[in-house]
Protein chains: 2
Amino acid sequence: MPRSLSKDFSPVQLQGIAEMFASLSDGSRLTILNSLRTSPAFVSEICLRTGLKQANVSKQLGILRRAGLVQSRRQGNQIKYSIREPMVFDLCGIVCRKLRRDARQRVVMLH
Amino acid sequence: MPRSLSKDFSPVQLQGIAEMFASLSDGSRLTILNSLRTSPAFVSEICLRTGLKQANVSKQLGILRRAGLVQSRRQGNQIKYSIREPMVFDLCGIVCRKLRRDARQRVVMLH
DNA sequence: TGACAATATTACTAATCTGCAATATTATCC
DNA sequence: GGATAATATTGCAGATTAGTAATATTGTCA
């Protein structure tokens, strides 16, 4: 079905979508997601991988979990986080390609 | 190529991606984009379609334009805005499907 | 040129958000 | 139980944001 014929999003949908994008609109949170891409990790490991402070990592993980983007499971003393929604990397890929397109075009415009 | 083998995003890329998501993280802006989906429109038409105030629409259009999501072209007295990046609706679609999945799963969990 | 219409910008308030230090919670081990 | 380690939460300062009213800009037409 061509895009032009697909249905509009409802106000409720748009609000939900906006909130999901808000969860993804912070560099630290994307860094954390990216660090979980290779493999699940404990909070302390995420701190090491990203260089972010523990309190900050916990806070951002809470936001990501409430958004349904990561999941956690206790393992003894520690809590292991993992990606719950791999589609987030699809989103990032789409955006990243767009950013590259824009950058390339900006180069051309200067010639 | 399986996702697990694709390359990480660089810090610079992640920051850019986060900023793009930030542009999309507001209900009014998504409403404006959605209103432009059917057809390009003048600012005054966007106000009518969305019910948003003129100053607000202009402000949000500025953010969307700076993000490279819409483009504008003057037509006499008015300025016509149009979608510059249809991929934004792909993003919304992906997120929307995820929200539906989550909602459905929440229903199941209550049984 | 002057009046008018369409859009952009500015200044502002209220609300929200990030990162941090300090503290609380939870589980393990002795 | 008490000490310790891992994680979560709280309170806070500084920065950012959305929406608004008022004002500035830009183009059209007489």
# chains A, B, ... in the order shown; residues from 1 in each chain; ligands from 1

$ interface_residues --of "chain B" --to "chain C" --cutoff "9 Å" --atoms "only C-alpha atoms (C1' of nucleotides)" --output "ChimeraX atom specification"
/B:43-44,54-55,58-59,77-79

$ interface_residues --of "chain A" --to "chain B" --cutoff "10 Å" --atoms "only C-alpha atoms" --output "PyMOL selection string"
chain A and resi 3-31+34-35+37-39+67-69+85-100+102

$ interface_residues --of "chain D" --to "chain A" --cutoff "12 Å" --atoms "only C-alpha atoms (C1' of nucleotides)" --output "PyMOL selection string"
chain D and resi 4-10

$ write_last_selection --atoms "N, CA, C and O atoms (P, O5', C5', C4', C3', O3' and C1' of nucleotides)" --output "compact mmCIF listing (two decimals), in the first residue's frame"
# COMPACT_ATOMS: atom_id res chain seq x y z
P DT D 4 32.28 -3.45 56.77
O5' DT D 4 31.95 -3.99 55.31
C5' DT D 4 32.11 -5.38 55.00
C4' DT D 4 31.49 -5.69 53.66
C3' DT D 4 31.63 -4.56 52.62
O3' DT D 4 32.13 -5.10 51.42
C1' DT D 4 29.40 -5.29 52.73
P DA D 5 32.61 -4.10 50.21
O5' DA D 5 31.60 -4.50 49.05
C5' DA D 5 31.48 -5.87 48.67
C4' DA D 5 30.34 -6.01 47.67
C3' DA D 5 30.37 -4.97 46.56
O3' DA D 5 30.07 -5.61 45.33
C1' DA D 5 28.31 -4.84 47.72
P DA D 6 30.03 -4.77 43.97
O5' DA D 6 28.46 -4.62 43.73
C5' DA D 6 27.67 -5.78 43.49
C4' DA D 6 26.25 -5.36 43.17
C3' DA D 6 26.14 -4.30 42.07
O3' DA D 6 25.16 -4.70 41.14
C1' DA D 6 25.03 -3.58 44.04
P DT D 7 24.90 -3.79 39.87
O5' DT D 7 23.62 -2.96 40.35
C5' DT D 7 22.45 -3.68 40.71
C4' DT D 7 21.44 -2.76 41.33
C3' DT D 7 20.97 -1.61 40.45
O3' DT D 7 19.59 -1.80 40.17
C1' DT D 7 21.35 -0.89 42.68
P DA D 8 18.75 -0.71 39.37
O5' DA D 8 18.03 0.13 40.53
C5' DA D 8 17.32 -0.56 41.53
C4' DA D 8 16.63 0.43 42.48
C3' DA D 8 15.89 1.57 41.79
O3' DA D 8 14.63 1.71 42.43
C1' DA D 8 17.50 2.44 43.31
P DT D 9 13.60 2.83 41.96
O5' DT D 9 13.82 4.00 43.02
C5' DT D 9 13.83 3.69 44.40
C4' DT D 9 14.12 4.94 45.22
C3' DT D 9 13.37 6.20 44.74
O3' DT D 9 12.76 6.79 45.87
C1' DT D 9 15.68 6.65 45.00
P DT D 10 11.65 7.96 45.65
O5' DT D 10 12.24 9.13 46.57
C5' DT D 10 13.24 8.84 47.54
C4' DT D 10 14.00 10.11 47.90
C3' DT D 10 13.31 11.41 47.49
O3' DT D 10 13.42 12.35 48.55
C1' DT D 10 15.50 11.37 46.63

$ select_by_dssp --residues "chain A" --states "strand (DSSP E or B)" --output "short mmCIF file (atom, residue, chain, number, x, y, z; two decimals) with N, CA, C and O atoms, in the first residue's frame"
data_model
loop_
_atom_site.label_atom_id
_atom_site.label_comp_id
_atom_site.auth_asym_id
_atom_site.auth_seq_id
_atom_site.Cartn_x
_atom_site.Cartn_y
_atom_site.Cartn_z
N ALA A 41 24.03 -6.75 30.28
CA ALA A 41 25.08 -6.36 31.22
C ALA A 41 24.46 -5.94 32.54
O ALA A 41 23.31 -5.49 32.59
N PHE A 42 25.24 -6.09 33.61
CA PHE A 42 24.85 -5.57 34.91
C PHE A 42 25.03 -4.07 34.91
O PHE A 42 25.77 -3.52 34.06
N VAL A 70 14.04 -1.74 27.52
CA VAL A 70 14.95 -2.72 28.11
C VAL A 70 14.17 -3.52 29.15
O VAL A 70 13.08 -3.15 29.56
N GLN A 71 14.76 -4.65 29.53
CA GLN A 71 14.18 -5.46 30.60
C GLN A 71 15.28 -5.82 31.56
O GLN A 71 16.46 -5.77 31.21
N SER A 72 14.91 -6.19 32.78
CA SER A 72 15.92 -6.50 33.78
C SER A 72 15.56 -7.81 34.48
O SER A 72 14.39 -8.18 34.55
N ARG A 73 16.61 -8.46 34.96
CA ARG A 73 16.36 -9.69 35.73
C ARG A 73 17.45 -9.81 36.78
O ARG A 73 18.64 -9.65 36.49
N ARG A 74 17.01 -9.99 38.00
CA ARG A 74 17.97 -10.07 39.10
C ARG A 74 18.77 -11.35 39.00
O ARG A 74 18.23 -12.42 38.68
N GLN A 75 20.06 -11.23 39.30
CA GLN A 75 20.94 -12.39 39.31
C GLN A 75 21.80 -12.27 40.56
O GLN A 75 22.85 -11.66 40.52
N GLN A 78 23.23 -8.79 41.74
CA GLN A 78 23.22 -7.79 40.68
C GLN A 78 21.97 -7.90 39.82
O GLN A 78 21.20 -8.83 39.94
N ILE A 79 21.81 -6.93 38.96
CA ILE A 79 20.65 -6.91 38.07
C ILE A 79 21.13 -6.77 36.64
O ILE A 79 21.87 -5.84 36.32
N LYS A 80 20.72 -7.72 35.84
CA LYS A 80 21.20 -7.74 34.45
C LYS A 80 20.16 -7.11 33.54
O LYS A 80 18.99 -7.50 33.55
N TYR A 81 20.59 -6.15 32.79
CA TYR A 81 19.70 -5.47 31.84
C TYR A 81 19.97 -5.97 30.43
O TYR A 81 21.11 -6.28 30.07
N SER A 82 18.89 -6.03 29.65
CA SER A 82 19.05 -6.41 28.24
C SER A 82 18.03 -5.67 27.38
O SER A 82 17.04 -5.14 27.88
N ILE A 83 18.31 -5.64 26.09
CA ILE A 83 17.42 -4.99 25.13
C ILE A 83 16.13 -5.79 25.04
O ILE A 83 16.14 -7.00 24.88
#

$ atom_distance --atom1 "atom CA of Gly51 of chain B" --atom2 "atom CA of Ile63 of chain B"
18.5 Å

$ atom_distance --atom1 "atom CA of Arg66 of chain A" --atom2 "atom C1' of DA18 of chain D"
23.4 Å

$ atom_distance --atom1 "atom CA of Leu33 of chain B" --atom2 "atom CA of Leu64 of chain B"
8.5 Å

$ select_by_dssp --residues "segment 10-108 of chain A" --states "helix (DSSP H, G or I)" --output "number ranges by chain"
A: 11-23, 27-38, 43-50, 54-66, 87-108
